[in-house]
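Enquirer: Got run-v8.cif for you, mmCIF, C-alpha atoms:
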data_protein
#
loop_
_atom_site.label_atom_id
_atom_site.label_comp_id
_atom_site.auth_asym_id
_atom_site.auth_seq_id
_atom_site.Cartn_x
_atom_site.Cartn_y
_atom_site.Cartn_z
CA MET A 1162 21.98 22.68 6.62
CA THR A 1163 25.29 21.93 4.90
CA ASP A 1164 26.40 23.19 1.49
CA THR A 1165 26.27 19.67 0.06
CA ASP A 1166 25.16 16.22 1.09
CA THR A 1167 28.40 14.76 2.41
CA THR A 1168 27.39 11.23 1.44
CA THR A 1169 26.86 12.01 -2.25
CA GLY A 1170 28.50 15.36 -2.99
CA HIS A 1171 25.11 16.63 -4.21
CA PRO A 1172 22.96 19.51 -2.90
CA PRO A 1173 21.15 18.77 0.38
CA ARG A 1174 18.06 16.62 -0.01
CA LEU A 1175 14.76 16.59 1.93
CA THR A 1176 16.18 17.96 5.17
CA ARG A 1177 13.05 20.08 5.74
CA LEU A 1178 10.69 17.09 5.55
CA THR A 1179 9.58 15.32 8.70
CA PHE A 1180 7.33 12.94 6.75
CA HIS A 1181 7.76 12.02 3.09
CA SER A 1182 4.07 12.77 2.45
CA PRO A 1183 1.59 15.64 2.96
CA LEU A 1184 1.07 14.76 6.62
CA SER A 1185 0.81 17.40 9.34
CA GLU A 1186 1.97 16.99 12.93
CA THR A 1187 -1.64 17.19 14.09
CA ARG A 1188 -2.79 14.41 11.77
CA ALA A 1189 0.26 12.29 12.57
CA ASN A 1190 -0.46 12.52 16.30
CA THR A 1191 -4.07 11.50 15.70
CA LEU A 1192 -3.01 8.56 13.53
CA VAL A 1193 -0.49 7.34 16.09
CA HIS A 1194 -3.18 7.43 18.80
CA ARG A 1195 -5.71 5.57 16.64
CA LEU A 1196 -3.29 2.97 15.30
CA THR A 1197 -1.89 2.06 18.72
CA ARG A 1198 -5.28 1.57 20.39
CA THR A 1199 -5.18 -2.10 19.37
CA ASN A 1200 -1.75 -2.57 21.01
CA PRO A 1201 0.17 -3.82 17.96
CA THR A 1202 3.28 -5.87 18.62
CA THR A 1203 4.51 -5.99 15.03
CA VAL A 1204 4.61 -3.11 12.54
CA LEU A 1205 5.49 -3.40 8.86
CA ASP A 1206 6.19 -0.20 6.90
CA ILE A 1207 6.07 -0.67 3.11
CA GLY A 1208 8.15 1.87 1.19
CA SER A 1209 9.17 3.22 4.57
CA GLY A 1210 11.77 5.77 3.55
CA TRP A 1211 13.15 6.93 6.88
CA GLY A 1212 10.04 5.61 8.67
CA GLU A 1213 9.15 8.62 10.80
CA LEU A 1214 5.57 7.52 11.44
CA MET A 1215 6.70 3.97 12.25
CA LEU A 1216 9.20 5.28 14.80
CA ARG A 1217 6.51 7.39 16.46
CA ILE A 1218 4.22 4.38 16.64
CA LEU A 1219 6.99 2.31 18.24
CA THR A 1220 7.51 5.07 20.81
CA ALA A 1221 3.79 5.01 21.64
CA ALA A 1222 3.60 1.18 21.63
CA PRO A 1223 6.57 0.04 23.75
CA GLU A 1224 5.87 -3.67 23.16
CA ALA A 1225 6.00 -3.33 19.38
CA LYS A 1226 8.80 -4.05 16.93
CA GLY A 1227 8.90 -2.52 13.47
CA THR A 1228 10.36 -3.34 10.07
CA GLY A 1229 10.73 -0.76 7.32
CA LEU A 1230 11.24 -1.89 3.72
CA ASP A 1231 12.58 0.44 1.04
CA ILE A 1232 15.05 0.43 -1.84
CA ARG A 1233 16.66 3.83 -1.14
CA PRO A 1234 19.74 3.29 1.05
CA GLN A 1235 20.07 7.00 1.83
CA ASP A 1236 16.58 7.19 3.33
CA LEU A 1237 17.05 3.91 5.22
CA ALA A 1238 20.27 5.24 6.73
CA ARG A 1239 18.39 8.30 7.94
CA GLY A 1240 15.81 6.03 9.54
CA ARG A 1241 18.49 4.05 11.34
CA ARG A 1242 20.08 7.26 12.64
CA ASN A 1243 16.72 8.49 13.90
CA ALA A 1244 15.99 5.14 15.54
CA GLU A 1245 19.33 5.22 17.33
CA ALA A 1246 18.76 8.79 18.53
CA ARG A 1247 15.43 7.74 20.07
CA GLY A 1248 16.70 4.56 21.67
CA LEU A 1249 14.72 2.37 19.28
CA THR A 1250 17.53 0.49 17.54
CA HIS A 1251 16.58 -2.80 19.23
CA ARG A 1252 12.96 -2.47 18.08
CA ALA A 1253 13.27 -0.92 14.61
CA GLU A 1254 15.00 -2.38 11.59
CA PHE A 1255 15.30 -0.82 8.15
CA LEU A 1256 15.89 -3.25 5.30
CA GLU A 1257 16.97 -2.46 1.76
CA GLU A 1258 14.74 -4.82 -0.17
CA SER A 1259 11.76 -4.94 -2.49
CA ALA A 1260 8.29 -5.44 -1.04
CA ILE A 1261 7.09 -7.41 -4.06
CA GLY A 1262 5.87 -10.76 -2.71
CA THR A 1263 7.45 -10.01 0.66
CA SER A 1264 7.29 -12.64 3.38
CA ARG A 1265 7.78 -10.09 6.16
CA GLY A 1266 4.13 -10.29 7.23
CA PRO A 1267 1.65 -10.78 8.59
CA ALA A 1268 1.97 -7.85 10.99
CA ASP A 1269 -0.48 -6.33 13.45
CA LEU A 1270 -0.10 -2.95 11.78
CA VAL A 1271 0.90 -2.36 8.17
CA LEU A 1272 1.78 1.13 6.91
CA CYS A 1273 1.79 1.88 3.20
CA ILE A 1274 1.82 5.61 2.60
CA GLY A 1275 2.30 6.70 -0.98
CA ALA A 1276 3.94 3.35 -1.71
CA SER A 1277 1.31 1.04 -3.19
CA GLN A 1278 3.50 0.76 -6.30
CA ALA A 1279 6.05 -1.03 -4.12
CA LEU A 1280 3.65 -3.97 -3.75
CA SER A 1281 2.80 -4.55 -7.41
CA THR A 1282 4.38 -4.72 -10.85
CA ALA A 1283 1.08 -3.72 -12.50
CA GLN A 1284 0.64 -0.40 -14.25
CA PRO A 1285 -1.57 2.35 -12.78
CA PRO A 1286 -4.28 2.15 -11.70
CA ASP A 1287 -4.27 -1.66 -11.48
CA HIS A 1288 -1.35 -1.55 -9.06
CA THR A 1289 -3.72 -0.12 -6.43
CA THR A 1290 -6.05 -3.11 -6.69
CA GLU A 1291 -3.14 -5.54 -6.43
CA ALA A 1292 -1.61 -3.61 -3.55
CA LEU A 1293 -4.84 -3.80 -1.57
CA ARG A 1294 -4.91 -7.58 -1.99
CA GLU A 1295 -1.30 -7.76 -0.83
CA LEU A 1296 -2.04 -5.58 2.18
CA ARG A 1297 -4.82 -7.95 3.20
CA ARG A 1298 -2.30 -10.80 3.03
CA LEU A 1299 0.24 -8.89 5.07
CA VAL A 1300 -1.98 -7.88 8.00
CA THR A 1301 -3.15 -10.09 10.85
CA ASP A 1302 -6.89 -10.72 11.14
CA ASN A 1303 -7.19 -8.43 14.15
CA GLY A 1304 -4.77 -5.84 12.81
CA ARG A 1305 -4.97 -2.55 10.96
CA VAL A 1306 -3.67 -1.12 7.70
CA LEU A 1307 -2.93 2.54 7.12
CA LEU A 1308 -3.00 3.17 3.38
CA GLY A 1309 -1.99 6.54 2.00
CA GLU A 1310 -3.11 6.53 -1.63
CA GLY A 1311 -3.46 9.12 -4.35
CA PHE A 1312 -6.85 9.86 -5.87
CA TRP A 1313 -8.34 12.43 -8.22
CA GLN A 1314 -10.23 15.12 -6.34
CA ARG A 1315 -11.83 15.94 -9.67
CA PRO A 1316 -11.17 14.76 -13.24
CA PRO A 1317 -7.98 16.40 -14.51
CA THR A 1318 -8.13 18.41 -17.71
CA PRO A 1319 -5.88 17.54 -20.68
CA ALA A 1320 -3.88 20.71 -20.03
CA GLU A 1321 -3.32 19.76 -16.40
CA LEU A 1322 -2.29 16.24 -17.31
CA SER A 1323 0.23 17.55 -19.83
CA GLY A 1324 2.03 19.38 -17.02
CA MET A 1325 2.16 16.50 -14.55
CA TRP A 1326 4.51 13.51 -14.48
CA PRO A 1327 5.58 11.94 -17.81
CA LYS A 1328 2.70 10.19 -19.61
CA ALA A 1329 0.22 11.25 -16.92
CA ALA A 1330 -3.28 10.00 -17.74
CA ALA A 1331 -6.75 10.38 -16.25
CA THR A 1332 -6.68 6.63 -15.62
CA ASP A 1333 -3.63 6.83 -13.34
CA HIS A 1334 -5.82 7.21 -10.24
CA PHE A 1335 -9.34 6.44 -9.06
CA ASP A 1336 -11.67 8.85 -7.32
CA LEU A 1337 -12.10 8.51 -3.57
CA ALA A 1338 -15.39 6.59 -3.72
CA THR A 1339 -13.90 4.01 -6.08
CA LEU A 1340 -10.79 3.69 -3.92
CA LEU A 1341 -12.96 2.88 -0.91
CA ASP A 1342 -14.96 0.35 -2.92
CA LEU A 1343 -11.73 -1.35 -3.95
CA ALA A 1344 -10.61 -1.55 -0.32
CA VAL A 1345 -13.87 -3.24 0.62
CA ALA A 1346 -13.59 -5.65 -2.32
CA ALA A 1347 -10.07 -6.58 -1.16
CA GLY A 1348 -11.36 -7.68 2.24
CA PHE A 1349 -11.36 -4.54 4.37
CA ARG A 1350 -13.82 -2.25 6.10
CA PRO A 1351 -12.83 1.43 6.31
CA GLU A 1352 -12.54 2.43 9.96
CA TRP A 1353 -11.53 5.98 9.10
CA THR A 1354 -11.37 8.00 5.90
CA GLU A 1355 -9.48 11.29 5.74
CA THR A 1356 -7.66 13.26 3.09
CA ALA A 1357 -4.68 15.58 3.05
CA SER A 1358 -5.62 19.25 3.15
CA LEU A 1359 -4.32 21.89 0.77
CA GLU A 1360 -2.28 23.28 3.65
CA GLU A 1361 -0.62 19.89 4.19
CA TRP A 1362 0.14 19.60 0.47
CA GLU A 1363 1.68 23.08 0.41
CA GLU A 1364 3.78 22.35 3.49
CA PHE A 1365 4.99 19.10 1.92
CA GLU A 1366 5.75 20.42 -1.55
CA SER A 1367 7.49 23.53 -0.24
CA ALA A 1368 9.59 21.53 2.23
CA TYR A 1369 10.36 18.99 -0.50
CA GLN A 1370 12.42 21.56 -2.38
CA ALA A 1371 13.23 24.28 0.15
CA ASP A 1372 16.73 23.24 1.20
CA THR A 1373 17.80 22.67 -2.41
CA GLU A 1374 16.27 25.97 -3.52
CA ILE A 1375 18.33 27.81 -0.90
CA TRP A 1376 21.45 25.92 -1.97
CA LEU A 1377 20.85 26.85 -5.62
CA ALA A 1378 20.31 30.52 -4.79
CA GLN A 1379 23.63 30.55 -2.95
CA HIS A 1380 25.58 28.44 -5.49
CA PRO A 1381 24.45 29.58 -8.97
CA ASP A 1382 27.81 28.70 -10.53
CA HIS A 1383 28.28 25.30 -8.93
CA PRO A 1384 28.93 22.45 -11.42
CA LEU A 1385 25.63 20.89 -10.36
CA ALA A 1386 23.64 24.13 -10.51
CA ALA A 1387 22.23 23.73 -14.02
CA GLU A 1388 20.85 20.22 -13.53
CA THR A 1389 19.57 21.15 -10.07
CA ARG A 1390 17.76 24.20 -11.45
CA GLU A 1391 16.16 22.12 -14.20
CA ARG A 1392 14.98 19.51 -11.70
CA LEU A 1393 13.55 22.07 -9.28
CA ASP A 1394 11.76 24.01 -12.00
CA ARG A 1395 10.32 20.83 -13.49
CA HIS A 1396 9.00 19.60 -10.15
CA ARG A 1397 7.49 22.99 -9.30
CA ALA A 1398 5.68 23.07 -12.65
CA GLN A 1399 4.34 19.56 -12.05
CA TRP A 1400 3.11 20.56 -8.60
CA MET A 1401 1.30 23.57 -10.04
CA SER A 1402 -0.40 21.21 -12.50
CA TYR A 1403 -1.70 18.75 -9.90
CA ARG A 1404 -2.26 21.25 -7.07
CA GLY A 1405 -5.91 20.95 -6.04
CA VAL A 1406 -6.46 18.06 -8.48
CA LEU A 1407 -4.49 15.17 -6.99
CA GLY A 1408 -5.46 14.21 -3.47
CA LEU A 1409 -4.01 11.81 -0.92
CA ALA A 1410 -6.34 9.65 1.13
CA PHE A 1411 -5.34 8.25 4.51
CA LEU A 1412 -7.45 5.14 4.97
CA THR A 1413 -7.42 3.22 8.24
CA LEU A 1414 -8.58 -0.24 7.19
CA VAL A 1415 -9.88 -3.12 9.30
CA PRO A 1416 -9.54 -6.68 7.90
CA ALA A 1417 -12.94 -8.26 7.34
CA ARG A 1418 -13.24 -11.89 8.40
#
Go ahead and render the structure in this file as structure tokens.
Expert:
Amino acid sequence: MTDTDTTTGHPPRLTRLTFHSPLSETRANTLVHRLTRTNPTTVLDIGSGWGELMLRILTAAPEAKGTGLDIRPQDLARGRRNAEARGLTHRAEFLEESAIGTSRGPADLVLCIGASQALSTAQPPDHTTEALRELRRLVTDNGRVLLGEGFWQRPPTPAELSGMWPKAAATDHFDLATLLDLAVAAGFRPEWTETASLEEWEEFESAYQADTEIWLAQHPDHPLAAETRERLDRHRAQWMSYRGVLGLAFLTLVPAR
């Protein structure tokens, strides 16, 4: 870990994260095995970030080519570096562009993990319904979709909502049963339904901030220390508010004909 991110001059960012979601190595390996059983030749990753899961799928499916779409150039650059290090540059591209109305599909496998908002301009929770319709458009008839989507594990209390993201509301997410019903209504059948464990959430949230927390502890008088401290403390308080309340479902979806 370096003292600062050399590309921005800011504290290091997300260097402890393998995946930008609460996804364990064990679950990732299982997903890669399941999603490559149909021998996909095209993979589309919506809101890919650095596309770690896509790169692992391409490694396991040597005939496949993948495209990651995101609007964060820093994360896309990390994906390109990782692709080059694994000899996947000729089969993986990372594009800085919006996924709204994208014409990049249809693909045999579409990944959309924590990124349904990238497919819709609607406000929560309607963006989930629109995203599911878009995912059906973007996948081939014999393909698969992996959707990672937030859901309420139980109804949040007003006090919990007040500590979450700005203007958080009980209507921001559906429960898991409703989410599955929406997937079916959009033209899918759920092949597999699984949810992130508390351990995966804790690993993700801790790793999300760990490198910056260490930097702050070692640089309390840095010009960026005050704003960094405020951001870290705010995010930790939000996490404590949704811990055990907000879930993440990993849905492997089969297009219905």
Enquirer: Just checking: using all atoms listed in the file, which residue out of A:Leu1343, A:Ile1218, A:Ile1207, A:Ala1330 ends up closest to Glu1258 in chain A?
Expert: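 Checking each of A:Leu1343, A:Ile1218, A:Ile1207, A:Ala1330 against Glu1258 in chain A, counting all atoms listed in the file, the winner is A:Ile1207.
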Enquirer: For the PyMOL selection byres ((chain A and resi 1364) around 10), applied here, can you spell out every residue it catches as a VMD selection string?
Expert: chain A and resid 1177 to 1178 1182 to 1185 1358 to 1363 1365 to 1369
Enquirer: For the selection just defined, write its residues with C-alpha atoms to a file, as a CSV table (one decimal), in the frame of the given file.
Expert:
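Result file follows (out_37.csv):
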chain,number,residue,atom,x,y,z
A,1177,ARG,CA,13.0,20.1,5.7
A,1178,LEU,CA,10.7,17.1,5.6
A,1182,SER,CA,4.1,12.8,2.4
A,1183,PRO,CA,1.6,15.6,3.0
A,1184,LEU,CA,1.1,14.8,6.6
A,1185,SER,CA,0.8,17.4,9.3
A,1358,SER,CA,-5.6,19.2,3.2
A,1359,LEU,CA,-4.3,21.9,0.8
A,1360,GLU,CA,-2.3,23.3,3.6
A,1361,GLU,CA,-0.6,19.9,4.2
A,1362,TRP,CA,0.1,19.6,0.5
A,1363,GLU,CA,1.7,23.1,0.4
A,1365,PHE,CA,5.0,19.1,1.9
A,1366,GLU,CA,5.8,20.4,-1.6
A,1367,SER,CA,7.5,23.5,-0.2
A,1368,ALA,CA,9.6,21.5,2.2
A,1369,TYR,CA,10.4,19.0,-0.5
Enquirer: Please identify all polymer residues within 9 Å of Leu1341 in chain A, counting all atoms listed in the file, omitting same-chain residues fewer than 6 positions from it, and present them as a ChimeraX atom specification.
Expert: /A:1350-1351,1354,1412
Enquirer: Name the residues captured by the PyMOL selection byres ((chain A and resi 1296-1301) around 8) when it is applied to the shown file; answer as an NGL selection string.
Expert: :A and (1265-1271 or 1292-1295 or 1302-1306 or 1347-1349 or 1416)
Enquirer: With C-alpha atoms retained, could you export that selection as a PDB file, in the coordinates of the input?
Expert:
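Once written, part_32.pdb looks like this:
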ATOM      1  CA  ARG A1265       7.780 -10.090   6.160  1.00  0.00           C
ATOM      2  CA  GLY A1266       4.130 -10.290   7.230  1.00  0.00           C
ATOM      3  CA  PRO A1267       1.650 -10.780   8.590  1.00  0.00           C
ATOM      4  CA  ALA A1268       1.970  -7.850  10.990  1.00  0.00           C
ATOM      5  CA  ASP A1269      -0.480  -6.330  13.450  1.00  0.00           C
ATOM      6  CA  LEU A1270      -0.100  -2.950  11.780  1.00  0.00           C
ATOM      7  CA  VAL A1271       0.900  -2.360   8.170  1.00  0.00           C
ATOM      8  CA  ALA A1292      -1.610  -3.610  -3.550  1.00  0.00           C
ATOM      9  CA  LEU A1293      -4.840  -3.800  -1.570  1.00  0.00           C
ATOM     10  CA  ARG A1294      -4.910  -7.580  -1.990  1.00  0.00           C
ATOM     11  CA  GLU A1295      -1.300  -7.760  -0.830  1.00  0.00           C
ATOM     12  CA  ASP A1302      -6.890 -10.720  11.140  1.00  0.00           C
ATOM     13  CA  ASN A1303      -7.190  -8.430  14.150  1.00  0.00           C
ATOM     14  CA  GLY A1304      -4.770  -5.840  12.810  1.00  0.00           C
ATOM     15  CA  ARG A1305      -4.970  -2.550  10.960  1.00  0.00           C
ATOM     16  CA  VAL A1306      -3.670  -1.120   7.700  1.00  0.00           C
ATOM     17  CA  ALA A1347     -10.070  -6.580  -1.160  1.00  0.00           C
ATOM     18  CA  GLY A1348     -11.360  -7.680   2.240  1.00  0.00           C
ATOM     19  CA  PHE A1349     -11.360  -4.540   4.370  1.00  0.00           C
ATOM     20  CA  PRO A1416      -9.540  -6.680   7.900  1.00  0.00           C
TER      21      PRO A1416
END
Enquirer: What does the structure give for the distance between CA of Arg1233 in chain A and CA of Ala1283 in chain A, in Å to one decimal?
Expert: 20.7 Å
Enquirer: For the provided coordinates, the residues matched by the PyMOL selection byres ((chain A and resi 1174) around 7) should be stated as a short mmCIF file (atom, residue, chain, number, x, y, z; two decimals) with C-alpha atoms, in the coordinates of the input.
Expert:
data_model
loop_
_atom_site.label_atom_id
_atom_site.label_comp_id
_atom_site.auth_asym_id
_atom_site.auth_seq_id
_atom_site.Cartn_x
_atom_site.Cartn_y
_atom_site.Cartn_z
CA PRO A 1172 22.96 19.51 -2.90
CA PRO A 1173 21.15 18.77 0.38
CA LEU A 1175 14.76 16.59 1.93
CA THR A 1176 16.18 17.96 5.17
CA ASP A 1372 16.73 23.24 1.20
CA THR A 1373 17.80 22.67 -2.41
#
Enquirer: Contacts of range 1237-1244 of chain A at 6 Å or less, counting all atoms listed in the file, minus same-chain residues fewer than 2 places along, as a PyMOL selection string?
Expert: chain A and resi 1210-1212+1234-1235+1246-1247+1249-1250+1255
Enquirer: Would you compute the distance between CA of Ala1378 in chain A and CA of Leu1393 in chain A? Give it in Å to one decimal.
Expert: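 Between CA of Ala1378 in chain A and CA of Leu1393 in chain A the gap is 11.7 Å.
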Enquirer: Please determine, counting only C-alpha atoms, which residue among A:Glu1310, A:Glu1245, A:Asp1231, A:Asp1336 has the shortest atom-to-atom distance to Gly1275 in chain A.
Expert: A:Glu1310
Enquirer: Which polymer residues have any atom within 9 Å of an atom of range 1394-1408 of chain A, counting all atoms listed in the file, with same-chain residues fewer than 4 positions away left out, as a compact mmCIF listing (two decimals) with C-alpha atoms, in the frame of the given file?
Expert:
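Resulting contents of around.txt:
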# COMPACT_ATOMS: atom_id res chain seq x y z
CA GLU A 1310 -3.11 6.53 -1.63
CA GLY A 1311 -3.46 9.12 -4.35
CA PHE A 1312 -6.85 9.86 -5.87
CA TRP A 1313 -8.34 12.43 -8.22
CA GLN A 1314 -10.23 15.12 -6.34
CA ARG A 1315 -11.83 15.94 -9.67
CA PRO A 1316 -11.17 14.76 -13.24
CA PRO A 1317 -7.98 16.40 -14.51
CA ALA A 1320 -3.88 20.71 -20.03
CA GLU A 1321 -3.32 19.76 -16.40
CA LEU A 1322 -2.29 16.24 -17.31
CA SER A 1323 0.23 17.55 -19.83
CA GLY A 1324 2.03 19.38 -17.02
CA MET A 1325 2.16 16.50 -14.55
CA TRP A 1326 4.51 13.51 -14.48
CA HIS A 1334 -5.82 7.21 -10.24
CA LEU A 1337 -12.10 8.51 -3.57
CA THR A 1356 -7.66 13.26 3.09
CA ALA A 1357 -4.68 15.58 3.05
CA SER A 1358 -5.62 19.25 3.15
CA LEU A 1359 -4.32 21.89 0.77
CA TRP A 1362 0.14 19.60 0.47
CA GLU A 1363 1.68 23.08 0.41
CA GLU A 1366 5.75 20.42 -1.55
CA GLN A 1370 12.42 21.56 -2.38
CA THR A 1389 19.57 21.15 -10.07
CA ARG A 1390 17.76 24.20 -11.45
Enquirer: Could you pull the residues within 8 Å of Thr1332 in chain A, counting only C-alpha atoms, minus those fewer than 3 positions along the same chain, as a list in words?
Expert: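 Once the adjacent positions are removed, what remains is Pro1285, Pro1286 and Phe1335 of chain A.
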Enquirer: Could you tell me which of A:Gly1227, A:Thr1179, A:Asp1382, A:Ala1222 comes closest to His1194 in chain A if we count only C-alpha atoms?
Expert: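 Ranked by minimum distance to His1194 in chain A, first place goes to A:Ala1222.
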Enquirer: Just give me the gap between CA of Glu1388 in chain A and CA of Ala1371 in chain A in Å, one decimal is fine.
Expert: 16.2 Å
Enquirer: Pick out the closest residue to Ala1346 in chain A from this set: A:Ala1417, A:Ala1189, A:Ile1261, A:Leu1205. Count all atoms listed in the file.
Expert: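 Ranked by minimum distance to Ala1346 in chain A, first place goes to A:Ala1417.
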Enquirer: With distances taken over only C-alpha atoms, which of A:Trp1353, A:Thr1197, A:Thr1202, A:Ala1276 is nearest to Val1415 in chain A?
Expert: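 Closest to Val1415 in chain A, using only C-alpha atoms: A:Trp1353.
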Enquirer: Taking all atoms listed in the file into account, name the residue in A:His1380, A:Ala1331, A:Ala1344, A:Ala1338 that is nearest to Glu1291 in chain A.
Expert: A:Ala1344
Enquirer: With all atoms listed in the file as the counted atoms, please give the residues lying no more than 9 Å from Ile1274 in chain A, apart from itself and same-chain residues fewer than 3 positions off, as a list in words.
Expert: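 Result of the neighbour search: His1181, Ser1182, Asp1206, Ile1207, Gly1208, Ser1209, Ser1277, Leu1307, Leu1308, Gly1309, Glu1310 and Phe1411 of chain A.
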